[in-house]
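Below: query15.cif (mmCIF, C-alpha atoms)
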```
data_structure
loop_
_atom_site.group_PDB
_atom_site.id
_atom_site.type_symbol
_atom_site.label_atom_id
_atom_site.label_comp_id
_atom_site.auth_asym_id
_atom_site.auth_seq_id
_atom_site.Cartn_x
_atom_site.Cartn_y
_atom_site.Cartn_z
ATOM 1 C CA MET A 1 -16.154 4.521 -3.115
ATOM 2 C CA GLN A 2 -16.489 3.269 0.459
ATOM 3 C CA HIS A 3 -14.488 3.943 3.613
ATOM 4 C CA PHE A 4 -13.548 1.487 6.339
ATOM 5 C CA GLU A 5 -11.642 2.235 9.536
ATOM 6 C CA TRP A 6 -9.516 0.301 11.997
ATOM 7 C CA ILE A 7 -7.386 1.334 15.006
ATOM 8 C CA SER A 8 -4.010 -0.295 15.576
ATOM 9 C CA GLN A 9 -2.470 -0.257 19.038
ATOM 10 C CA GLY A 10 1.087 -0.858 17.851
ATOM 11 C CA GLU A 11 3.435 -1.680 15.010
ATOM 12 C CA GLU A 12 2.901 -5.418 15.502
ATOM 13 C CA GLU A 13 -0.886 -5.022 15.168
ATOM 14 C CA THR A 14 -0.421 -2.927 12.034
ATOM 15 C CA ALA A 15 1.865 -5.574 10.541
ATOM 16 C CA GLN A 16 -0.604 -8.330 11.478
ATOM 17 C CA PHE A 17 -3.473 -6.423 9.860
ATOM 18 C CA ALA A 18 -1.393 -6.057 6.677
ATOM 19 C CA HIS A 19 -0.456 -9.756 6.854
ATOM 20 C CA GLU A 20 -4.147 -10.704 6.966
ATOM 21 C CA LEU A 21 -4.913 -8.369 4.084
ATOM 22 C CA ALA A 22 -2.129 -10.010 2.050
ATOM 23 C CA GLN A 23 -3.892 -13.365 2.350
ATOM 24 C CA LYS A 24 -6.784 -11.939 0.303
ATOM 25 C CA LEU A 25 -4.775 -10.148 -2.393
ATOM 26 C CA SER A 26 -4.485 -11.267 -6.008
ATOM 27 C CA SER A 27 -2.234 -10.482 -8.950
ATOM 28 C CA GLY A 28 -2.917 -7.018 -10.287
ATOM 29 C CA ASP A 29 -4.076 -5.565 -6.958
ATOM 30 C CA VAL A 30 -2.858 -2.019 -6.321
ATOM 31 C CA LEU A 31 -2.633 -0.460 -2.861
ATOM 32 C CA ALA A 32 -1.910 3.227 -2.365
ATOM 33 C CA LEU A 33 -0.361 4.120 1.005
ATOM 34 C CA GLU A 34 -0.686 7.604 2.405
ATOM 35 C CA GLY A 35 0.572 9.003 5.687
ATOM 36 C CA ASP A 36 3.081 11.399 7.152
ATOM 37 C CA LEU A 37 6.722 10.442 7.586
ATOM 38 C CA GLY A 38 6.910 7.891 10.389
ATOM 39 C CA ALA A 39 3.198 7.051 10.229
ATOM 40 C CA GLY A 40 3.915 3.397 9.512
ATOM 41 C CA LYS A 41 3.732 2.971 5.729
ATOM 42 C CA THR A 42 6.862 0.840 5.565
ATOM 43 C CA ALA A 43 5.861 -1.160 8.667
ATOM 44 C CA PHE A 44 2.549 -1.860 6.956
ATOM 45 C CA THR A 45 4.360 -2.966 3.790
ATOM 46 C CA LYS A 46 6.633 -5.267 5.809
ATOM 47 C CA GLY A 47 3.562 -7.029 7.223
ATOM 48 C CA LEU A 48 2.036 -7.245 3.770
ATOM 49 C CA ALA A 49 5.257 -8.719 2.368
ATOM 50 C CA LYS A 50 5.382 -11.326 5.105
ATOM 51 C CA GLY A 51 1.785 -12.256 4.314
ATOM 52 C CA LEU A 52 2.784 -12.700 0.662
ATOM 53 C CA GLY A 53 5.606 -15.030 1.664
ATOM 54 C CA VAL A 54 8.454 -12.597 1.029
ATOM 55 C CA THR A 55 11.534 -13.638 3.012
ATOM 56 C CA ARG A 56 13.881 -10.755 2.102
ATOM 57 C CA VAL A 57 14.198 -7.706 4.320
ATOM 58 C CA VAL A 58 11.734 -5.039 3.184
ATOM 59 C CA ASN A 59 12.619 -1.376 3.469
ATOM 60 C CA SER A 60 11.507 1.839 1.829
ATOM 61 C CA PRO A 61 12.623 2.232 -1.798
ATOM 62 C CA THR A 62 13.047 5.989 -1.298
ATOM 63 C CA PHE A 63 16.044 6.413 -3.598
ATOM 64 C CA THR A 64 15.343 3.593 -6.060
ATOM 65 C CA ILE A 65 11.610 4.349 -6.526
ATOM 66 C CA ILE A 66 10.683 0.655 -7.016
ATOM 67 C CA LYS A 67 11.817 -2.506 -5.245
ATOM 68 C CA GLU A 68 10.641 -5.947 -6.282
ATOM 69 C CA TYR A 69 10.254 -8.859 -3.889
ATOM 70 C CA ILE A 70 9.380 -12.469 -4.641
ATOM 71 C CA GLY A 71 6.878 -14.398 -2.536
ATOM 72 C CA ARG A 72 3.802 -16.441 -3.487
ATOM 73 C CA MET A 73 3.436 -13.650 -6.036
ATOM 74 C CA PRO A 74 5.657 -10.629 -6.718
ATOM 75 C CA LEU A 75 5.407 -7.539 -4.527
ATOM 76 C CA TYR A 76 6.232 -4.260 -6.226
ATOM 77 C CA HIS A 77 6.967 -1.638 -3.562
ATOM 78 C CA MET A 78 7.088 1.936 -4.868
ATOM 79 C CA ASP A 79 7.999 5.132 -3.092
ATOM 80 C CA VAL A 80 7.120 7.960 -5.465
ATOM 81 C CA TYR A 81 7.936 10.804 -3.075
ATOM 82 C CA ARG A 82 10.595 12.094 -5.469
ATOM 83 C CA VAL A 83 8.534 11.581 -8.651
ATOM 84 C CA SER A 84 6.527 14.503 -9.952
ATOM 85 C CA GLU A 85 3.203 14.338 -11.786
ATOM 86 C CA SER A 86 4.802 16.060 -14.776
ATOM 87 C CA GLU A 87 7.356 13.312 -15.427
ATOM 88 C CA ASP A 88 6.927 11.147 -18.482
ATOM 89 C CA ASP A 89 5.507 7.664 -18.180
ATOM 90 C CA LEU A 90 7.828 5.650 -15.953
ATOM 91 C CA GLY A 91 6.205 2.322 -16.768
ATOM 92 C CA PHE A 92 3.805 2.262 -13.813
ATOM 93 C CA ASP A 93 1.144 0.467 -15.878
ATOM 94 C CA GLU A 94 3.462 -2.507 -16.352
ATOM 95 C CA TYR A 95 3.440 -2.985 -12.577
ATOM 96 C CA PHE A 96 -0.227 -2.121 -12.006
ATOM 97 C CA GLU A 97 -1.301 -4.613 -14.648
ATOM 98 C CA GLY A 98 1.416 -7.126 -13.825
ATOM 99 C CA ASP A 99 1.434 -10.488 -12.117
ATOM 100 C CA GLY A 100 1.978 -9.189 -8.608
ATOM 101 C CA VAL A 101 0.693 -6.829 -5.937
ATOM 102 C CA THR A 102 1.762 -3.187 -6.146
ATOM 103 C CA VAL A 103 2.112 -0.947 -3.102
ATOM 104 C CA VAL A 104 2.617 2.764 -3.803
ATOM 105 C CA GLU A 105 3.758 5.063 -0.994
ATOM 106 C CA TRP A 106 2.870 8.755 -1.519
ATOM 107 C CA ALA A 107 0.508 7.654 -4.304
ATOM 108 C CA HIS A 108 -1.266 11.029 -4.509
ATOM 109 C CA LEU A 109 1.857 12.374 -6.241
ATOM 110 C CA ILE A 110 1.140 10.199 -9.295
ATOM 111 C CA LYS A 111 -2.659 10.193 -9.116
ATOM 112 C CA ASP A 112 -3.073 10.540 -12.898
ATOM 113 C CA HIS A 113 -1.133 7.292 -13.391
ATOM 114 C CA LEU A 114 -3.099 5.218 -10.857
ATOM 115 C CA PRO A 115 -5.742 2.710 -11.938
ATOM 116 C CA ASP A 116 -9.414 3.613 -11.531
ATOM 117 C CA GLU A 117 -9.977 0.749 -9.107
ATOM 118 C CA ILE A 118 -7.610 0.912 -6.156
ATOM 119 C CA LEU A 119 -7.434 0.458 -2.409
ATOM 120 C CA THR A 120 -6.037 3.553 -0.719
ATOM 121 C CA ILE A 121 -4.834 3.111 2.843
ATOM 122 C CA TYR A 122 -4.388 6.219 4.971
ATOM 123 C CA ILE A 123 -2.337 5.794 8.139
ATOM 124 C CA TYR A 124 -2.784 8.494 10.791
ATOM 125 C CA ARG A 125 -0.600 8.720 13.865
ATOM 126 C CA LEU A 126 -2.722 8.935 17.031
ATOM 127 C CA SER A 127 0.120 8.479 19.533
ATOM 128 C CA ASP A 128 3.622 7.019 19.656
ATOM 129 C CA THR A 129 2.136 3.552 19.207
ATOM 130 C CA SER A 130 -1.459 3.777 17.981
ATOM 131 C CA ARG A 131 -2.561 4.447 14.417
ATOM 132 C CA ARG A 132 -5.897 5.059 12.741
ATOM 133 C CA ILE A 133 -6.031 3.172 9.469
ATOM 134 C CA VAL A 134 -8.623 4.289 6.946
ATOM 135 C CA LEU A 135 -9.238 2.179 3.866
ATOM 136 C CA GLU A 136 -10.805 3.873 0.853
ATOM 137 C CA ALA A 137 -12.050 1.246 -1.571
ATOM 138 C CA LYS A 138 -12.659 2.217 -5.206
ATOM 139 C CA GLY A 139 -14.134 -0.699 -7.100
ATOM 140 C CA GLU A 140 -16.305 -3.619 -6.040
ATOM 141 C CA ARG A 141 -13.312 -5.945 -5.609
ATOM 142 C CA TYR A 142 -11.782 -3.690 -2.970
ATOM 143 C CA VAL A 143 -15.101 -2.990 -1.236
ATOM 144 C CA THR A 144 -15.638 -6.750 -0.857
ATOM 145 C CA LEU A 145 -12.051 -7.233 0.315
ATOM 146 C CA CYS A 146 -12.435 -4.528 2.991
ATOM 147 C CA LYS A 147 -15.687 -6.030 4.248
ATOM 148 C CA GLU A 148 -13.899 -9.364 4.675
ATOM 149 C CA ILE A 149 -11.037 -7.973 6.763
ATOM 150 C CA ILE A 150 -12.684 -5.237 8.856
#
```
What do you get writing this file as structure tokens?
Amino acid sequence: MQHFEWISQGEEETAQFAHELAQKLSSGDVLALEGDLGAGKTAFTKGLAKGLGVTRVVNSPTFTIIKEYIGRMPLYHMDVYRVSESEDDLGFDEYFEGDGVTVVEWAHLIKDHLPDEILTIYIYRLSDTSRRIVLEAKGERYVTLCKEII
């Protein structure tokens, strides 16, 4: 596991960073997003979606758990804040092993269901506009990907 770090000076920079990351993603990639409420997880996902060619409005799937968007490949956007670790299998593997990119907000809540190789992105609020983004790459694919974008 390796860590990489980047500082964003605003929501537009965060979205642009995510957009650039999206250019390097492939089917089956899984990104875990962690951060406090208002840290910028959904803003990050909006930039990622744009980079994947999604044209629909992207917002947090808080009450639906999973939203699917179509771009150059599918984007599966999960918010598992209301899902507990003790719940039965909700079909996460079908998304993680599917033909798109999966983004999981609050991923630590379903850690036993996550794949072994994953890119976890921690977003820390430094000020009203700036964010510290820490990428934790588990697996050679994600280590290489992080080295290309940082």
Quick one: apply the PyMOL selection byres ((chain A and resi 100) around 8) to the file and drop the selected residues here as a tab-separated table (two decimals) with C-alpha atoms, in the coordinates of the input.
```
chain	number	residue	atom	x	y	z
A	26	SER	CA	-4.49	-11.27	-6.01
A	27	SER	CA	-2.23	-10.48	-8.95
A	28	GLY	CA	-2.92	-7.02	-10.29
A	29	ASP	CA	-4.08	-5.56	-6.96
A	73	MET	CA	3.44	-13.65	-6.04
A	74	PRO	CA	5.66	-10.63	-6.72
A	75	LEU	CA	5.41	-7.54	-4.53
A	76	TYR	CA	6.23	-4.26	-6.23
A	95	TYR	CA	3.44	-2.98	-12.58
A	98	GLY	CA	1.42	-7.13	-13.82
A	99	ASP	CA	1.43	-10.49	-12.12
A	101	VAL	CA	0.69	-6.83	-5.94
A	102	THR	CA	1.76	-3.19	-6.15
```
Using the chain letters and numbers from this file, what does the PyMOL selection byres ((chain A and resi 50) around 12) select? Give the answer as a short mmCIF file (atom, residue, chain, number, x, y, z; two decimals) with C-alpha atoms, keeping the file's coordinate frame.
```cif
data_model
loop_
_atom_site.label_atom_id
_atom_site.label_comp_id
_atom_site.auth_asym_id
_atom_site.auth_seq_id
_atom_site.Cartn_x
_atom_site.Cartn_y
_atom_site.Cartn_z
CA ALA A 15 1.86 -5.57 10.54
CA GLN A 16 -0.60 -8.33 11.48
CA PHE A 17 -3.47 -6.42 9.86
CA ALA A 18 -1.39 -6.06 6.68
CA HIS A 19 -0.46 -9.76 6.85
CA GLU A 20 -4.15 -10.70 6.97
CA LEU A 21 -4.91 -8.37 4.08
CA ALA A 22 -2.13 -10.01 2.05
CA GLN A 23 -3.89 -13.36 2.35
CA ALA A 43 5.86 -1.16 8.67
CA PHE A 44 2.55 -1.86 6.96
CA THR A 45 4.36 -2.97 3.79
CA LYS A 46 6.63 -5.27 5.81
CA GLY A 47 3.56 -7.03 7.22
CA LEU A 48 2.04 -7.24 3.77
CA ALA A 49 5.26 -8.72 2.37
CA GLY A 51 1.78 -12.26 4.31
CA LEU A 52 2.78 -12.70 0.66
CA GLY A 53 5.61 -15.03 1.66
CA VAL A 54 8.45 -12.60 1.03
CA THR A 55 11.53 -13.64 3.01
CA ARG A 56 13.88 -10.76 2.10
CA VAL A 57 14.20 -7.71 4.32
CA VAL A 58 11.73 -5.04 3.18
CA TYR A 69 10.25 -8.86 -3.89
CA ILE A 70 9.38 -12.47 -4.64
CA GLY A 71 6.88 -14.40 -2.54
CA ARG A 72 3.80 -16.44 -3.49
CA MET A 73 3.44 -13.65 -6.04
CA PRO A 74 5.66 -10.63 -6.72
CA LEU A 75 5.41 -7.54 -4.53
#
```
Could you give me, as an MDAnalysis selection string, the residues within 7 Å of segment 59-66 of chain A, counting only C-alpha atoms and dropping anything in the same chain fewer than 6 positions from it?
chainID A and resid 42 76:80
Store the residues picked out above in a file with C-alpha atoms, as an mmCIF file, in the frame of the given file.
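Full text of result17.cif as output:
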```cif
data_model
loop_
_atom_site.group_PDB
_atom_site.id
_atom_site.type_symbol
_atom_site.label_atom_id
_atom_site.label_comp_id
_atom_site.auth_asym_id
_atom_site.auth_seq_id
_atom_site.Cartn_x
_atom_site.Cartn_y
_atom_site.Cartn_z
ATOM 1 C CA THR A 42 6.862 0.840 5.565
ATOM 2 C CA TYR A 76 6.232 -4.260 -6.226
ATOM 3 C CA HIS A 77 6.967 -1.638 -3.562
ATOM 4 C CA MET A 78 7.088 1.936 -4.868
ATOM 5 C CA ASP A 79 7.999 5.132 -3.092
ATOM 6 C CA VAL A 80 7.120 7.960 -5.465
#
```
With distances taken over all atoms listed in the file, which residue among A:Val30, A:Cys146, A:Met1, A:Ala39 lies nearest Phe96 of chain A?
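Closest to Phe96 of chain A of all the choices is A:Val30.
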Report the closest atom pair, with its distance in Å rounded to one decimal, for each residue of segment 25-110 of chain A that has an atom no farther than 10 Å from segment 125-135 of chain A; count only C-alpha atoms, sort by chain and then rising residue number, and write it as a tab-separated table.
```
residue	atom	partner	partner_atom	distance
A:Leu31	CA	A:Leu135	CA	9.8
A:Ala32	CA	A:Leu135	CA	9.7
A:Leu33	CA	A:Leu135	CA	9.5
A:Glu34	CA	A:Val134	CA	9.7
A:Gly35	CA	A:Arg125	CA	8.3
A:Asp36	CA	A:Arg125	CA	8.1
A:Leu37	CA	A:Arg125	CA	9.8
A:Gly38	CA	A:Arg125	CA	8.3
A:Ala39	CA	A:Arg125	CA	5.5
A:Gly40	CA	A:Arg131	CA	8.2
```
Name the residues that the PyMOL selection byres ((chain A and resi 110) around 8) pulls out of this structure, and write them as a ChimeraX atom specification.
/A:80,83-85,107-109,111-114
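Reported to one decimal place, the separation of atom CA of Lys41 of chain A from atom CA of Glu11 of chain A is 10.4 Å.
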Build an axis-aligned box that encloses every atom of segment 1-9 of chain A listed in the file, pad it by 4 Å on each side, and report its centre and edge lengths in Å to one decimal, as lines of an AutoDock Vina configuration file.
```
center_x = -9.5
center_y = 2.1
center_z = 8.0
size_x = 22.0
size_y = 12.8
size_z = 30.2
```
Give the answer as one residue: which of A:His3, A:Ser8, A:Lys147, A:Lys67 has the shortest atom-to-atom distance to Thr120 of chain A, using all atoms listed in the file?
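Of the candidates, the smallest distance to Thr120 of chain A is held by A:His3.
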Counting only C-alpha atoms, which of A:Glu148, A:Glu94, A:Glu136, A:Glu105 gets nearest to Leu25 of chain A?
A:Glu148
Which value, in Å to one decimal, gives the distance between atom CA of Tyr122 of chain A and atom CA of Glu13 of chain A?
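Between these atoms lies a distance of 15.6 Å.
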